[in-house]
Amino acid sequence: MIFDRIKILDEDFIVRDNMYVVTEGTQITYVGSEKPEFKDQEIISGKGKFLMPAFYNTHCHLPMTLMRGYGEGVPLQRWLHEKIYPFEAKFTPEAKYWGAKLGAIELMKSGCVSLTDMYFHLVAYGKGIHEAGLKANLCNGVVSFDDNASYYTDRSYFDILELLDWTESLDDDRIKGDASAHSEYANKSERPIVEVAEFAAERGLIIHVHVSETKSEQMECKSRRGGLTPVQYFEKCGFFRSQVLAAHCVWLEEGDVEILKENGAFISHNASSNLKLGSGIAPIKSYFDAGLNLTIGTDGASSNNNLNMLEEVNLAALLCRGQSLDAGAISPGDIMRMATVNGALAQGRKDTGLIREGYRADLIMFDLDKPHLVPDTDTLANILFSANSSDIVMTVCDGRVICKDGKPLLIDEEETIAKAAESFKKVLETL
């Protein structure tokens, strides 16, 4: 494809006019102001359009689209034990497949091409993600309340082994496997946590985990673990021998920030979920100033309740400015960096997230000819604070257009909606 004389967000997160971007196969092969030689590529007019890197959602539970609106109005622990866990006990692999496809459509329409996802029956729902054309890092977080529990006998261990075997059979690298413990509070014994750390280090895998989501989690962990916070406990258990992606991080303490920074860990900021479940507001400005690696995640559709990445990026910026009482607390470029290249790096994807020659062609194109985007005095601020997902007219993943004019191109939207609704009904009938 050749994007012809288009406004872009360049690799330095500066908006540039009248640029040319060429993609061939999965790669971006040219970015510049000089007109390239036209071959047989499709030419896309850049008039009234804006091209930027696609979004990377760094924390989600994609099949939970089928639990959207299920379990409203209760705090995290009651939400989990009274509503979510009983539903999940009846959640079939087929239902997860359709739930994942439903979520994939929602993501691509909001400009997202890749997600880090924690759930179970990884291959079953990973197939739905792969068929939709997205990328994903998938993991199953170990949960155990048994004193004698072992990660190596838990279903989460066998689930990730099955996924890693399956990914070897694919003809691309869009699906990756991560190691995971759900959280400190979801594992009574230290042993499974230590074994996850061992497994990740042996296999060279990223570790994905919920961290300090609520104040009670932070306080109760210190009571259970001899004064250690979740971050300190995970350090003791050996997590930081590997790259760590920590979701939420609302209630970090000073020592936690130091540990995460020293070890190059990534934080997934889940603004909507933290607000909806009454967990609090993460002090992103202080984390940013401390030099932490920040990214953006939606969390699952049962605790958000949508997977709109553009909305999530907007809310993250607004909360940061409002909480810090500083309208200049974080720039549009800083927030967009969190949602793009930082997210890609958190997934171990080092060749994407920027409009740069040699990088993967993971791109989204906005239509700027909309009343709410005029006048175009500051394009990136308009995208962040004024744009809607419906303004995204193209989503490109690894050089392939997967969504155009709001329509998924690789999977059937009507069939997915019908099958997802049917799957929810079947699960509900068993409860």
# chains A, B, ... in the order shown; residues from 1 in each chain; ligands from 1
$ closest_atom_pairs --of "region 130-166 of chain A" --to "region 392-399 of chain A" --cutoff "8 Å" --atoms "only C-alpha atoms" --output "tab-separated table"
residue	atom	partner	partner_atom	distance
A:Gly133	CA	A:Cys397	CA	7.1
A:Leu134	CA	A:Cys397	CA	6.6
A:Lys135	CA	A:Cys397	CA	7.9
$ write_last_selection --atoms "N, CA and C atoms" --output "PDB file, in the first residue's frame"
ATOM      1  N   GLY A 133      -7.445 -11.701  12.835  1.00  0.00           N
ATOM      2  CA  GLY A 133      -6.318 -10.973  12.272  1.00  0.00           C
ATOM      3  C   GLY A 133      -5.504 -10.180  13.265  1.00  0.00           C
ATOM      4  N   LEU A 134      -5.838 -10.302  14.564  1.00  0.00           N
ATOM      5  CA  LEU A 134      -5.116  -9.565  15.599  1.00  0.00           C
ATOM      6  C   LEU A 134      -3.882 -10.326  16.080  1.00  0.00           C
ATOM      7  N   LYS A 135      -3.071  -9.625  16.846  1.00  0.00           N
ATOM      8  CA  LYS A 135      -1.965 -10.237  17.573  1.00  0.00           C
ATOM      9  C   LYS A 135      -2.367 -10.354  19.040  1.00  0.00           C
TER      10      LYS A 135
END
$ select_by_dssp --residues "region 275-410 of chain A" --states "strand (DSSP E or B)" --output "PDB file with N, CA and C atoms, in the first residue's frame"
ATOM      1  N   ASN A 293       7.854   2.470  33.028  1.00  0.00           N
ATOM      2  CA  ASN A 293       7.357   2.118  31.697  1.00  0.00           C
ATOM      3  C   ASN A 293       5.840   1.966  31.757  1.00  0.00           C
ATOM      4  N   LEU A 294       5.113   2.931  31.220  1.00  0.00           N
ATOM      5  CA  LEU A 294       3.657   2.964  31.330  1.00  0.00           C
ATOM      6  C   LEU A 294       2.993   2.562  30.018  1.00  0.00           C
ATOM      7  N   THR A 295       1.905   1.798  30.132  1.00  0.00           N
ATOM      8  CA  THR A 295       1.116   1.367  28.986  1.00  0.00           C
ATOM      9  C   THR A 295      -0.361   1.494  29.344  1.00  0.00           C
ATOM     10  N   ILE A 296      -1.226   1.204  28.372  1.00  0.00           N
ATOM     11  CA  ILE A 296      -2.667   1.347  28.569  1.00  0.00           C
ATOM     12  C   ILE A 296      -3.369   0.007  28.332  1.00  0.00           C
ATOM     13  N   ARG A 360       7.007  -3.234  11.642  1.00  0.00           N
ATOM     14  CA  ARG A 360       5.755  -3.840  11.199  1.00  0.00           C
ATOM     15  C   ARG A 360       4.745  -2.751  10.867  1.00  0.00           C
ATOM     16  N   LEU A 363      -1.010  -0.059  11.851  1.00  0.00           N
ATOM     17  CA  LEU A 363      -1.394   1.323  11.604  1.00  0.00           C
ATOM     18  C   LEU A 363      -2.892   1.534  11.757  1.00  0.00           C
ATOM     19  N   ILE A 364      -3.273   2.764  12.102  1.00  0.00           N
ATOM     20  CA  ILE A 364      -4.680   3.152  12.044  1.00  0.00           C
ATOM     21  C   ILE A 364      -4.776   4.496  11.317  1.00  0.00           C
ATOM     22  N   MET A 365      -5.848   4.641  10.559  1.00  0.00           N
ATOM     23  CA  MET A 365      -6.063   5.864   9.796  1.00  0.00           C
ATOM     24  C   MET A 365      -7.384   6.498  10.211  1.00  0.00           C
ATOM     25  N   PHE A 366      -7.316   7.781  10.562  1.00  0.00           N
ATOM     26  CA  PHE A 366      -8.491   8.557  10.956  1.00  0.00           C
ATOM     27  C   PHE A 366      -8.955   9.441   9.804  1.00  0.00           C
ATOM     28  N   ASP A 367     -10.254   9.637   9.726  1.00  0.00           N
ATOM     29  CA  ASP A 367     -10.850  10.621   8.833  1.00  0.00           C
ATOM     30  C   ASP A 367     -11.002  11.914   9.626  1.00  0.00           C
ATOM     31  N   ILE A 392     -12.190   6.205  12.843  1.00  0.00           N
ATOM     32  CA  ILE A 392     -11.136   5.310  12.352  1.00  0.00           C
ATOM     33  C   ILE A 392     -11.668   4.568  11.129  1.00  0.00           C
ATOM     34  N   VAL A 393     -11.051   4.817   9.995  1.00  0.00           N
ATOM     35  CA  VAL A 393     -11.549   4.240   8.741  1.00  0.00           C
ATOM     36  C   VAL A 393     -10.710   3.067   8.260  1.00  0.00           C
ATOM     37  N   MET A 394      -9.586   2.809   8.935  1.00  0.00           N
ATOM     38  CA  MET A 394      -8.772   1.657   8.550  1.00  0.00           C
ATOM     39  C   MET A 394      -7.901   1.218   9.715  1.00  0.00           C
ATOM     40  N   THR A 395      -7.873  -0.082   9.968  1.00  0.00           N
ATOM     41  CA  THR A 395      -6.971  -0.683  10.947  1.00  0.00           C
ATOM     42  C   THR A 395      -6.137  -1.733  10.231  1.00  0.00           C
ATOM     43  N   VAL A 396      -4.814  -1.604  10.353  1.00  0.00           N
ATOM     44  CA  VAL A 396      -3.876  -2.471   9.631  1.00  0.00           C
ATOM     45  C   VAL A 396      -3.005  -3.205  10.637  1.00  0.00           C
ATOM     46  N   CYS A 397      -2.952  -4.521  10.539  1.00  0.00           N
ATOM     47  CA  CYS A 397      -2.128  -5.349  11.427  1.00  0.00           C
ATOM     48  C   CYS A 397      -1.155  -6.169  10.587  1.00  0.00           C
ATOM     49  N   ARG A 400      -1.722  -6.037   6.856  1.00  0.00           N
ATOM     50  CA  ARG A 400      -2.992  -6.505   6.318  1.00  0.00           C
ATOM     51  C   ARG A 400      -4.133  -5.675   6.895  1.00  0.00           C
ATOM     52  N   VAL A 401      -5.006  -5.183   6.030  1.00  0.00           N
ATOM     53  CA  VAL A 401      -6.163  -4.414   6.496  1.00  0.00           C
ATOM     54  C   VAL A 401      -7.152  -5.386   7.121  1.00  0.00           C
ATOM     55  N   ILE A 402      -7.419  -5.224   8.422  1.00  0.00           N
ATOM     56  CA  ILE A 402      -8.329  -6.145   9.111  1.00  0.00           C
ATOM     57  C   ILE A 402      -9.687  -5.505   9.388  1.00  0.00           C
ATOM     58  N   CYS A 403      -9.739  -4.165   9.290  1.00  0.00           N
ATOM     59  CA  CYS A 403     -10.998  -3.458   9.504  1.00  0.00           C
ATOM     60  C   CYS A 403     -10.996  -2.215   8.635  1.00  0.00           C
ATOM     61  N   LYS A 404     -12.080  -2.005   7.891  1.00  0.00           N
ATOM     62  CA  LYS A 404     -12.168  -0.851   6.998  1.00  0.00           C
ATOM     63  C   LYS A 404     -13.563  -0.252   7.095  1.00  0.00           C
ATOM     64  N   LYS A 407     -15.898  -1.991   9.457  1.00  0.00           N
ATOM     65  CA  LYS A 407     -16.315  -3.360   9.194  1.00  0.00           C
ATOM     66  C   LYS A 407     -15.118  -4.310   9.245  1.00  0.00           C
ATOM     67  N   PRO A 408     -15.189  -5.358  10.095  1.00  0.00           N
ATOM     68  CA  PRO A 408     -14.111  -6.351  10.094  1.00  0.00           C
ATOM     69  C   PRO A 408     -14.085  -7.088   8.757  1.00  0.00           C
TER      70      PRO A 408
END
$ residues_around --residues "Met219 (chain A)" --least-positions-apart "6" --cutoff "12 Å" --atoms "only C-alpha atoms" --output "list in words"
Glu184, Tyr185, Ser212, Glu213, Arg225, Gly226, Gly227, Leu228, Thr229, Pro230, Trp251, Leu252 and Glu253 of chain A
$ write_last_selection --atoms "all heavy atoms" --output "short mmCIF file (atom, residue, chain, number, x, y, z; two decimals), in the first residue's frame"
data_model
loop_
_atom_site.label_atom_id
_atom_site.label_comp_id
_atom_site.auth_asym_id
_atom_site.auth_seq_id
_atom_site.Cartn_x
_atom_site.Cartn_y
_atom_site.Cartn_z
N GLU A 184 -1.18 -12.01 43.88
CA GLU A 184 -0.73 -12.50 45.19
C GLU A 184 -1.90 -13.09 45.94
O GLU A 184 -1.82 -14.19 46.50
CB GLU A 184 -0.11 -11.34 45.97
CG GLU A 184 0.31 -11.71 47.39
CD GLU A 184 -0.82 -11.63 48.42
OE1 GLU A 184 -1.72 -10.77 48.25
OE2 GLU A 184 -0.82 -12.44 49.36
N TYR A 185 -3.05 -12.39 45.98
CA TYR A 185 -4.18 -12.81 46.81
C TYR A 185 -4.86 -14.07 46.31
O TYR A 185 -5.57 -14.74 47.06
CB TYR A 185 -5.20 -11.68 46.95
CG TYR A 185 -5.85 -11.22 45.66
CD1 TYR A 185 -6.91 -11.92 45.09
CD2 TYR A 185 -5.42 -10.07 45.02
CE1 TYR A 185 -7.51 -11.49 43.90
CE2 TYR A 185 -6.01 -9.63 43.85
CZ TYR A 185 -7.05 -10.35 43.29
OH TYR A 185 -7.64 -9.93 42.12
N SER A 212 -1.50 -4.81 43.11
CA SER A 212 -1.93 -3.63 43.90
C SER A 212 -3.12 -2.92 43.27
O SER A 212 -3.14 -1.69 43.14
CB SER A 212 -0.75 -2.65 44.06
OG SER A 212 0.34 -3.29 44.70
N GLU A 213 -4.15 -3.71 42.94
CA GLU A 213 -5.33 -3.13 42.30
C GLU A 213 -6.19 -2.36 43.29
O GLU A 213 -6.74 -1.31 42.94
CB GLU A 213 -6.15 -4.26 41.64
CG GLU A 213 -7.35 -3.79 40.87
CD GLU A 213 -8.02 -4.91 40.10
OE1 GLU A 213 -7.50 -6.06 40.11
OE2 GLU A 213 -9.07 -4.65 39.48
N ARG A 225 2.07 -11.53 54.27
CA ARG A 225 3.43 -11.85 53.79
C ARG A 225 4.51 -11.15 54.59
O ARG A 225 5.55 -10.76 54.04
CB ARG A 225 3.55 -11.47 52.31
CG ARG A 225 2.43 -11.95 51.40
CD ARG A 225 2.35 -13.46 51.29
NE ARG A 225 1.25 -13.86 50.39
CZ ARG A 225 0.88 -15.10 50.16
NH1 ARG A 225 1.51 -16.11 50.76
NH2 ARG A 225 -0.12 -15.38 49.33
N GLY A 226 4.31 -10.97 55.87
CA GLY A 226 5.35 -10.43 56.72
C GLY A 226 5.74 -9.01 56.40
O GLY A 226 6.93 -8.65 56.49
N GLY A 227 4.76 -8.20 56.03
CA GLY A 227 5.02 -6.79 55.78
C GLY A 227 5.37 -6.46 54.34
O GLY A 227 5.58 -5.28 54.00
N LEU A 228 5.44 -7.48 53.49
CA LEU A 228 5.80 -7.25 52.09
C LEU A 228 4.58 -6.80 51.28
O LEU A 228 3.48 -7.34 51.44
CB LEU A 228 6.37 -8.52 51.46
CG LEU A 228 7.65 -9.09 52.05
CD1 LEU A 228 8.06 -10.36 51.31
CD2 LEU A 228 8.78 -8.06 51.99
N THR A 229 4.76 -5.83 50.42
CA THR A 229 3.73 -5.46 49.46
C THR A 229 3.70 -6.50 48.34
O THR A 229 4.63 -7.32 48.23
CB THR A 229 4.04 -4.08 48.85
OG1 THR A 229 5.22 -4.20 48.05
CG2 THR A 229 4.21 -3.02 49.91
N PRO A 230 2.68 -6.50 47.48
CA PRO A 230 2.69 -7.44 46.35
C PRO A 230 3.96 -7.36 45.50
O PRO A 230 4.53 -8.39 45.13
CB PRO A 230 1.44 -7.04 45.56
CG PRO A 230 0.50 -6.52 46.60
CD PRO A 230 1.38 -5.79 47.57
N TRP A 251 -2.13 1.21 43.92
CA TRP A 251 -1.75 1.52 45.30
C TRP A 251 -0.27 1.22 45.58
O TRP A 251 0.10 0.82 46.68
CB TRP A 251 -2.64 0.74 46.26
CG TRP A 251 -4.06 1.20 46.19
CD1 TRP A 251 -5.07 0.68 45.42
CD2 TRP A 251 -4.63 2.32 46.86
NE1 TRP A 251 -6.22 1.40 45.57
CE2 TRP A 251 -5.99 2.42 46.46
CE3 TRP A 251 -4.12 3.25 47.77
CZ2 TRP A 251 -6.84 3.40 46.95
CZ3 TRP A 251 -4.98 4.24 48.25
CH2 TRP A 251 -6.31 4.30 47.84
N LEU A 252 0.59 1.45 44.62
CA LEU A 252 2.02 1.23 44.82
C LEU A 252 2.58 2.15 45.90
O LEU A 252 2.13 3.29 46.06
CB LEU A 252 2.79 1.48 43.53
CG LEU A 252 2.50 0.58 42.32
CD1 LEU A 252 3.40 0.96 41.16
CD2 LEU A 252 2.67 -0.89 42.67
N GLU A 253 3.58 1.66 46.61
CA GLU A 253 4.30 2.46 47.59
C GLU A 253 5.67 2.82 47.02
O GLU A 253 6.08 2.31 45.97
CB GLU A 253 4.41 1.69 48.91
CG GLU A 253 3.05 1.38 49.50
CD GLU A 253 3.09 0.55 50.77
OE1 GLU A 253 4.16 0.54 51.42
OE2 GLU A 253 2.07 -0.07 51.12
#
$ residues_around --residues "Ile175 (chain A)" --least-positions-apart "6" --cutoff "10 Å" --atoms "only C-alpha atoms" --output "number ranges by chain"
A: 114-116, 123, 126-127, 129-130, 134-138, 163-164, 166-168
$ atom_distance --atom1 "CA of Leu325 (chain A)" --atom2 "CA of Ser286 (chain A)"
12.3 Å
$ closest_residue --among "A:Ile383, A:Ala265, A:Ile43, A:Ala282" --to "Leu310 (chain A)" --atoms "only C-alpha atoms"
A:Ile383
$ residues_around --residues "region 48-65 of chain A" --least-positions-apart "4" --cutoff "8 Å" --atoms "only C-alpha atoms" --output "PyMOL selection string"
chain A and resi 6-10+95-100+102-104+111-119+125+247+268+270+295-302+309+339-341+343-344+346-347+353-355+362-369+395-396
$ closest_residue --among "A:Glu422, A:Asp378, A:Glu357, A:Glu11" --to "Val31 (chain A)" --atoms "only C-alpha atoms"
A:Glu357
$ residues_around --residues "Tyr152 (chain A)" --least-positions-apart "5" --cutoff "8 Å" --atoms "only C-alpha atoms" --output "list in words"
Tyr157, Phe158, Pro192 and Glu195 of chain A
$ write_last_selection --atoms "N, CA and C atoms" --output "short mmCIF file (atom, residue, chain, number, x, y, z; two decimals), in the first residue's frame"
data_model
loop_
_atom_site.label_atom_id
_atom_site.label_comp_id
_atom_site.auth_asym_id
_atom_site.auth_seq_id
_atom_site.Cartn_x
_atom_site.Cartn_y
_atom_site.Cartn_z
N TYR A 157 -0.68 -24.31 33.91
CA TYR A 157 0.60 -24.77 33.36
C TYR A 157 0.38 -25.57 32.08
N PHE A 158 -0.54 -26.50 32.11
CA PHE A 158 -0.79 -27.31 30.92
C PHE A 158 -1.43 -26.49 29.80
N PRO A 192 3.49 -21.94 44.09
CA PRO A 192 3.14 -21.71 42.69
C PRO A 192 3.74 -20.43 42.11
N GLU A 195 7.31 -21.07 41.28
CA GLU A 195 7.42 -21.95 40.11
C GLU A 195 7.08 -21.22 38.81
#
$ residues_around --residues "Gln27 (chain A)" --least-positions-apart "3" --cutoff "6 Å" --atoms "only C-alpha atoms" --output "compact mmCIF listing (two decimals) with N, CA, C and O atoms, in the first residue's frame"
# COMPACT_ATOMS: atom_id res chain seq x y z
N THR A 23 3.94 0.40 2.49
CA THR A 23 4.03 -0.91 3.15
C THR A 23 4.13 -2.00 2.10
O THR A 23 3.51 -1.92 1.03
N GLU A 24 4.94 -3.00 2.39
CA GLU A 24 5.07 -4.18 1.54
C GLU A 24 5.10 -5.39 2.44
O GLU A 24 5.94 -5.48 3.34
N GLY A 358 11.20 -0.38 8.21
CA GLY A 358 11.65 -1.65 8.77
C GLY A 358 10.77 -2.17 9.88
O GLY A 358 10.91 -3.33 10.28
N TYR A 359 9.86 -1.34 10.41
CA TYR A 359 8.94 -1.78 11.44
C TYR A 359 7.70 -2.44 10.82
O TYR A 359 7.40 -2.23 9.64
N ARG A 360 7.01 -3.23 11.64
CA ARG A 360 5.75 -3.84 11.20
C ARG A 360 4.74 -2.75 10.87
O ARG A 360 4.68 -1.72 11.55
N ALA A 361 3.95 -3.01 9.86
CA ALA A 361 2.91 -2.07 9.47
C ALA A 361 1.66 -2.30 10.32
O ALA A 361 0.71 -2.97 9.91
